[in-house]
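Contents: one structure, followed by commentary.
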Number of protein chains: 2
Amino acid sequence: MEKPYVIGIDVGGTNSVVGIVDKRGQILISGSIKTAKHAKVEDYLDELTELINDLIEQTTTKAQIKGIGAGTPNGNYFTGSIEFAPNLNWKGVIPFAQMLEDRVGIPVALTNDANAAAIGEMTYGAARGMKDFIVITLGTGVGSGIVVNGQLVYGHDGFAGELGHVIMRRHNGRLCGCGRTGCLEAYSSATGVARTAREYLELRPDAQTRLRNIPMDDITSKDVFDAAMTGDEMAKEIFRFTGEMLGEAFADFVAFSSPEAIILFGGLSKAGDMIMNPIRESMEKNLLNIYKNKVKLMFSELKESDAAVLGASALGWEVK
Amino acid sequence: MEKPYVIGIDVGGTNSVVGIVDKRGQILISGSIKTAKHAKVEDYLDELTELINDLIEQTTTKAQIKGIGAGTPNGNYFTGSIEFAPNLNWKGVIPFAQMLEDRVGIPVALTNDANAAAIGEMTYGAARGMKDFIVITLGTGVGSGIVVNGQLVYGHDGFAGELGHVIMRRHNGRLCGCGRTGCLEAYSSATGVARTAREYLELRPDAQTRLRNIPMDDITSKDVFDAAMTGDEMAKEIFRFTGEMLGEAFADFVAFSSPEAIILFGGLSKAGDMIMNPIRESMEKNLLNIYKNKVKLMFSELKESDAAVLGASALGWEVK
């Protein structure tokens, strides 16, 4: 009989969340530790192992766990390593999957957060039954997980799917965290929304907006959302600009893999229609004729608080 | 025992070429008819069937042919139809595969020209053994065939891989044949090269160049190539511009599928280093760090005159 459970681990820059998950995507139990607390990855893994063993003990036995899936920054599925993650304490290449497997005694597979989200949508969420779709994660950055012919696209080196770093503005584009300019992520992430707000405030000193009540450097995408919800024109325009840029990018993505759906995931997607309407309009306007009115735009169906762990856990079913 | 031969058909706007091909990619015999001669597709297919039967009779028997693969403009692998091909006489949706199969009595599969090229490279050419690569066809237009995890990317609707129509210049871009502006194809196809030449000649009335010896409206990419080979500075710059644009586009393609190689195919690729050097330089300059110095840039290894038929024929091995 197939083992009935998997473990999902979401390694974030701040917290690491662990959950034991069943076949229907129910989280039986979960817990978390601080990722940044440990300077050495060995110490972190020791604490993580303790938590995992503890969660297993409270619910089932190791023999019932099929595998562990971890979603990590810069996680490479092929090597099982975290490679040069900019937002973690541990530098260089960390053979994370092997190190954790040695400690826990259960096979571990690893991928990056956005790929984990895509596997999660396919296994438990909005993409059940789909063979071709793209998940776009709109958080601090813009990430992507691409599925083609029912398989995640890892590419030759395990690093495929960096759609936050396609170039949307080739000249005079915004500086991106990656060191280049004009990337989608520099505009259409949560931080991109805040940058757009600061840009608009500076360029239009006479425009009236609630956003002026906030010290410019403190403005977040949440502030822009709150202002837009009260009908603030500038705030609504910021979301329109953000969505239009995403729609332009999506039209190019469709020319690549012609997916059945593009699924939005992560913080910014909470803006709902405020971001979805301009995305849809702009994507349709920019699509090559043969693709028009074919591509579904959807929000993730995974519960926000559980999504990262569920996505990672789905990888646990595939571990060999 | 498996049947030893397949038939490849390259349906071009002008000629349709048919070849009988063995497992090593040798063309035993080939022949052609005029595509544009027939206003009705039925008449065209009757003549094509006659040619096919004739070629088979001269070399083998129908029982020895595993399948027929056809590469056609706007060919849809899923439906077996040619759908709204702008450069053919037959309008609307033509159930080409079924109609040919009914006439010849051998199963027929169909795809577009660029996908056929990709299958050809994987089966007989530069991409043997590769699981992730992209073929870019540089002809009158710019086409693409994308392979991920060893499988051609058809997408949800069979129309994936229109990389000639990603947007390279979002504002004030050149008008493209697709009706939109700024597409890669409007710049980096053979016709794009000729347009760049006319643009340069108009913008720089004082620049000395051999290209002025040709009536402006008659300039072709071949003329620009010939001039560049004699050291003409403007002609060389036109190829540099063309290659730089391709390199920028390739850097975005890599962020999508992280391929082992990008393979150039078709007329413009004959320009050799003159186009490859600026592509390589520009691609590496524009790549996200994690991809730098990883992606091979190659020319097709299929003999130009045979390539289209070989590519199409490779599909014949997969017919069910």
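Letters A, B, ... mark the chains of the structure tokens in the order given; residue numbers begin at 1 per chain; ligand numbers begin at 1, in order shown.
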Sorted by chain and rising residue number, which residues of chain B lie within 6 Å of chain A, and what are their closest atom pairs and distances in Å to one decimal, counting only C-alpha atoms, as a Markdown table?
```
| residue | atom | partner | partner_atom | distance |
| --- | --- | --- | --- | --- |
| B:Asp132 | CA | A:His156 | CA | 5.9 |
| B:Gly155 | CA | A:Ser258 | CA | 4.6 |
| B:His156 | CA | A:Glu260 | CA | 5.3 |
| B:Ala160 | CA | A:Ser258 | CA | 4.6 |
| B:Gly161 | CA | A:Phe256 | CA | 4.7 |
| B:Glu162 | CA | A:Ala255 | CA | 4.9 |
| B:Val166 | CA | A:Asp252 | CA | 5.1 |
| B:Asp252 | CA | A:Val166 | CA | 5.2 |
| B:Ala255 | CA | A:Glu162 | CA | 5.0 |
| B:Phe256 | CA | A:Gly161 | CA | 4.7 |
| B:Ser257 | CA | A:Ala160 | CA | 4.7 |
| B:Ser258 | CA | A:Gly155 | CA | 4.6 |
| B:Pro259 | CA | A:His156 | CA | 5.4 |
| B:Glu260 | CA | A:His156 | CA | 5.3 |
```
I'd like the neighbourhood of Gly247 (chain A) as a VMD selection string, where a residue qualifies if any of its atoms comes within 7 Å (using only C-alpha atoms), though same-chain residues fewer than 6 positions away should be ignored. chain A and resid 279 to 280 282 to 283
Backbone DSSP call of strand (DSSP E) for region 26-213 of chain B, listed as number ranges by chain: B: 27-34, 65-72, 75-76, 81-83, 93-94, 108-112, 133-138, 142-148, 151-152
Could those residues be written to a file, using N, CA and C atoms, as a CSV table (one decimal), in the first residue's frame?
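Output file out_34.csv follows:
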```
chain,number,residue,atom,x,y,z
B,27,ILE,N,17.8,10.6,-47.5
B,27,ILE,CA,16.7,10.7,-48.4
B,27,ILE,C,16.9,9.8,-49.6
B,28,LEU,N,16.0,8.8,-49.7
B,28,LEU,CA,16.2,7.8,-50.8
B,28,LEU,C,15.8,8.4,-52.1
B,29,ILE,N,14.8,9.2,-52.1
B,29,ILE,CA,14.3,9.8,-53.4
B,29,ILE,C,13.4,10.9,-53.0
B,30,SER,N,13.3,11.9,-53.9
B,30,SER,CA,12.4,13.1,-53.6
B,30,SER,C,11.9,13.6,-54.9
B,31,GLY,N,10.9,14.5,-54.7
B,31,GLY,CA,10.2,15.1,-55.9
B,31,GLY,C,9.4,16.3,-55.4
B,32,SER,N,8.9,17.1,-56.3
B,32,SER,CA,8.1,18.3,-55.8
B,32,SER,C,7.0,18.6,-56.8
B,33,ILE,N,6.1,19.3,-56.3
B,33,ILE,CA,5.0,19.9,-57.1
B,33,ILE,C,4.8,21.4,-56.7
B,34,LYS,N,4.1,22.2,-57.5
B,34,LYS,CA,3.9,23.6,-57.2
B,34,LYS,C,2.7,23.7,-56.3
B,65,ILE,N,6.3,1.7,-45.2
B,65,ILE,CA,6.3,3.1,-44.8
B,65,ILE,C,5.6,3.3,-43.5
B,66,LYS,N,6.3,3.7,-42.4
B,66,LYS,CA,5.7,3.8,-41.1
B,66,LYS,C,4.7,5.0,-41.0
B,67,GLY,N,5.0,6.1,-41.6
B,67,GLY,CA,4.1,7.2,-41.5
B,67,GLY,C,4.5,8.4,-42.4
B,68,ILE,N,3.6,9.3,-42.5
B,68,ILE,CA,4.0,10.5,-43.3
B,68,ILE,C,3.9,11.7,-42.3
B,69,GLY,N,5.0,12.5,-42.4
B,69,GLY,CA,5.0,13.8,-41.6
B,69,GLY,C,5.0,14.9,-42.5
B,70,ALA,N,4.2,15.9,-42.2
B,70,ALA,CA,4.1,17.1,-43.1
B,70,ALA,C,4.4,18.4,-42.2
B,71,GLY,N,5.3,19.2,-42.8
B,71,GLY,CA,5.5,20.5,-42.2
B,71,GLY,C,4.8,21.6,-43.0
B,72,THR,N,3.8,22.3,-42.5
B,72,THR,CA,3.0,23.2,-43.3
B,72,THR,C,2.9,24.6,-42.5
B,75,GLY,N,0.4,24.8,-39.4
B,75,GLY,CA,-0.1,23.4,-39.2
B,75,GLY,C,-0.3,23.2,-37.7
B,76,ASN,N,-1.4,22.6,-37.3
B,76,ASN,CA,-1.7,22.3,-35.9
B,76,ASN,C,-1.6,20.8,-35.7
B,81,SER,N,-4.8,19.9,-38.8
B,81,SER,CA,-5.3,20.9,-39.8
B,81,SER,C,-4.4,22.0,-40.1
B,82,ILE,N,-4.5,22.6,-41.3
B,82,ILE,CA,-3.8,23.8,-41.6
B,82,ILE,C,-4.9,24.9,-41.3
B,83,GLU,N,-4.6,25.8,-40.4
B,83,GLU,CA,-5.6,26.7,-39.9
B,83,GLU,C,-5.2,28.2,-40.3
B,93,VAL,N,-10.0,26.5,-42.3
B,93,VAL,CA,-9.4,25.3,-41.7
B,93,VAL,C,-9.4,24.2,-42.7
B,94,ILE,N,-8.3,23.6,-43.0
B,94,ILE,CA,-8.2,22.5,-43.9
B,94,ILE,C,-7.7,21.3,-43.2
B,108,VAL,N,-1.0,10.1,-41.4
B,108,VAL,CA,-0.3,11.4,-41.6
B,108,VAL,C,-0.3,12.2,-40.3
B,109,ALA,N,0.8,12.8,-39.9
B,109,ALA,CA,0.9,13.7,-38.9
B,109,ALA,C,1.4,15.0,-39.4
B,110,LEU,N,1.0,16.1,-38.8
B,110,LEU,CA,1.3,17.4,-39.4
B,110,LEU,C,1.7,18.4,-38.3
B,111,THR,N,2.6,19.3,-38.6
B,111,THR,CA,2.9,20.4,-37.7
B,111,THR,C,3.4,21.6,-38.5
B,112,ASN,N,3.7,22.7,-37.8
B,112,ASN,CA,4.2,23.8,-38.6
B,112,ASN,C,5.7,23.6,-38.9
B,133,PHE,N,16.0,22.3,-25.8
B,133,PHE,CA,16.6,23.2,-26.8
B,133,PHE,C,15.5,23.9,-27.6
B,134,ILE,N,15.9,25.0,-28.2
B,134,ILE,CA,15.0,25.8,-29.0
B,134,ILE,C,15.6,25.9,-30.4
B,135,VAL,N,14.8,25.7,-31.5
B,135,VAL,CA,15.2,25.9,-32.8
B,135,VAL,C,14.6,27.3,-33.3
B,136,ILE,N,15.4,28.2,-33.8
B,136,ILE,CA,14.9,29.4,-34.3
B,136,ILE,C,15.1,29.4,-35.8
B,137,THR,N,14.0,29.6,-36.5
B,137,THR,CA,14.1,29.6,-38.0
B,137,THR,C,14.1,31.0,-38.5
B,138,LEU,N,15.2,31.4,-39.2
B,138,LEU,CA,15.4,32.7,-39.7
B,138,LEU,C,15.2,32.8,-41.2
B,142,VAL,N,10.3,34.8,-38.7
B,142,VAL,CA,11.1,34.2,-37.6
B,142,VAL,C,10.1,33.2,-37.0
B,143,GLY,N,10.5,31.9,-37.0
B,143,GLY,CA,9.7,30.9,-36.4
B,143,GLY,C,10.5,30.2,-35.3
B,144,SER,N,9.8,29.3,-34.5
B,144,SER,CA,10.5,28.6,-33.5
B,144,SER,C,9.9,27.2,-33.2
B,145,GLY,N,10.7,26.3,-32.8
B,145,GLY,CA,10.3,25.0,-32.3
B,145,GLY,C,11.0,24.8,-31.0
B,146,ILE,N,10.2,24.5,-29.9
B,146,ILE,CA,10.7,24.5,-28.6
B,146,ILE,C,10.6,23.0,-28.1
B,147,VAL,N,11.7,22.5,-27.5
B,147,VAL,CA,11.7,21.2,-26.9
B,147,VAL,C,12.0,21.3,-25.5
B,148,VAL,N,11.1,20.7,-24.6
B,148,VAL,CA,11.3,20.7,-23.2
B,148,VAL,C,11.1,19.3,-22.7
B,151,GLN,N,10.3,16.6,-25.3
B,151,GLN,CA,9.1,16.7,-26.0
B,151,GLN,C,8.9,18.1,-26.6
B,152,LEU,N,8.3,18.0,-27.9
B,152,LEU,CA,8.0,19.3,-28.5
B,152,LEU,C,6.9,20.0,-27.7
```
Output as a PDB file with C-alpha atoms, in the first residue's frame all residues of region 190-259 of chain B that backbone DSSP marks as helix (DSSP H, G or I).
```
ATOM      1  CA  ALA B 190      15.296  38.205 -43.898  1.00  0.00           C
ATOM      2  CA  THR B 191      12.669  40.838 -44.675  1.00  0.00           C
ATOM      3  CA  GLY B 192      13.570  42.595 -41.415  1.00  0.00           C
ATOM      4  CA  VAL B 193      17.197  42.826 -42.558  1.00  0.00           C
ATOM      5  CA  ALA B 194      16.086  44.438 -45.813  1.00  0.00           C
ATOM      6  CA  ARG B 195      13.901  46.873 -43.875  1.00  0.00           C
ATOM      7  CA  THR B 196      16.811  47.791 -41.623  1.00  0.00           C
ATOM      8  CA  ALA B 197      18.900  48.466 -44.736  1.00  0.00           C
ATOM      9  CA  ARG B 198      16.264  50.817 -46.155  1.00  0.00           C
ATOM     10  CA  GLU B 199      15.930  52.532 -42.774  1.00  0.00           C
ATOM     11  CA  TYR B 200      19.690  53.070 -42.476  1.00  0.00           C
ATOM     12  CA  LEU B 201      19.954  54.350 -46.045  1.00  0.00           C
ATOM     13  CA  GLU B 202      17.229  56.904 -45.425  1.00  0.00           C
ATOM     14  CA  LEU B 203      18.461  58.004 -42.016  1.00  0.00           C
ATOM     15  CA  ARG B 210      27.581  49.670 -51.755  1.00  0.00           C
ATOM     16  CA  LEU B 211      23.922  49.252 -50.886  1.00  0.00           C
ATOM     17  CA  ARG B 212      23.244  52.572 -52.641  1.00  0.00           C
ATOM     18  CA  ASN B 213      24.002  50.848 -55.943  1.00  0.00           C
ATOM     19  CA  MET B 216      16.118  50.813 -52.494  1.00  0.00           C
ATOM     20  CA  ASP B 217      12.924  48.793 -52.884  1.00  0.00           C
ATOM     21  CA  ASP B 218      14.808  45.863 -54.400  1.00  0.00           C
ATOM     22  CA  SER B 221      19.000  40.298 -47.130  1.00  0.00           C
ATOM     23  CA  LYS B 222      21.217  38.553 -49.692  1.00  0.00           C
ATOM     24  CA  ASP B 223      22.366  41.943 -51.017  1.00  0.00           C
ATOM     25  CA  VAL B 224      23.209  43.056 -47.487  1.00  0.00           C
ATOM     26  CA  PHE B 225      25.119  39.823 -46.916  1.00  0.00           C
ATOM     27  CA  ASP B 226      27.085  40.204 -50.156  1.00  0.00           C
ATOM     28  CA  ALA B 227      27.972  43.795 -49.293  1.00  0.00           C
ATOM     29  CA  ALA B 228      29.019  42.825 -45.774  1.00  0.00           C
ATOM     30  CA  MET B 229      31.302  40.127 -47.200  1.00  0.00           C
ATOM     31  CA  GLU B 233      30.555  49.007 -42.976  1.00  0.00           C
ATOM     32  CA  MET B 234      26.842  49.744 -43.158  1.00  0.00           C
ATOM     33  CA  ALA B 235      26.047  46.204 -44.244  1.00  0.00           C
ATOM     34  CA  LYS B 236      28.087  44.801 -41.364  1.00  0.00           C
ATOM     35  CA  GLU B 237      26.289  47.121 -38.979  1.00  0.00           C
ATOM     36  CA  ILE B 238      22.913  45.906 -40.252  1.00  0.00           C
ATOM     37  CA  PHE B 239      23.859  42.336 -39.346  1.00  0.00           C
ATOM     38  CA  ARG B 240      25.159  43.537 -35.982  1.00  0.00           C
ATOM     39  CA  PHE B 241      21.822  45.223 -35.263  1.00  0.00           C
ATOM     40  CA  THR B 242      19.914  42.129 -36.382  1.00  0.00           C
ATOM     41  CA  GLY B 243      22.038  39.844 -34.217  1.00  0.00           C
ATOM     42  CA  GLU B 244      21.872  42.104 -31.187  1.00  0.00           C
ATOM     43  CA  MET B 245      18.097  42.077 -31.326  1.00  0.00           C
ATOM     44  CA  LEU B 246      18.082  38.277 -31.558  1.00  0.00           C
ATOM     45  CA  GLY B 247      20.492  38.068 -28.606  1.00  0.00           C
ATOM     46  CA  GLU B 248      18.199  40.249 -26.495  1.00  0.00           C
ATOM     47  CA  ALA B 249      15.261  38.024 -27.374  1.00  0.00           C
ATOM     48  CA  PHE B 250      17.221  34.819 -26.712  1.00  0.00           C
ATOM     49  CA  ALA B 251      18.113  36.044 -23.212  1.00  0.00           C
ATOM     50  CA  ASP B 252      14.384  36.227 -22.452  1.00  0.00           C
ATOM     51  CA  PHE B 253      13.747  32.796 -24.003  1.00  0.00           C
ATOM     52  CA  VAL B 254      16.424  31.323 -21.734  1.00  0.00           C
ATOM     53  CA  ALA B 255      14.641  32.766 -18.677  1.00  0.00           C
ATOM     54  CA  PHE B 256      11.636  30.729 -19.792  1.00  0.00           C
ATOM     55  CA  SER B 257      12.967  27.245 -20.519  1.00  0.00           C
TER      56      SER B 257
END
```
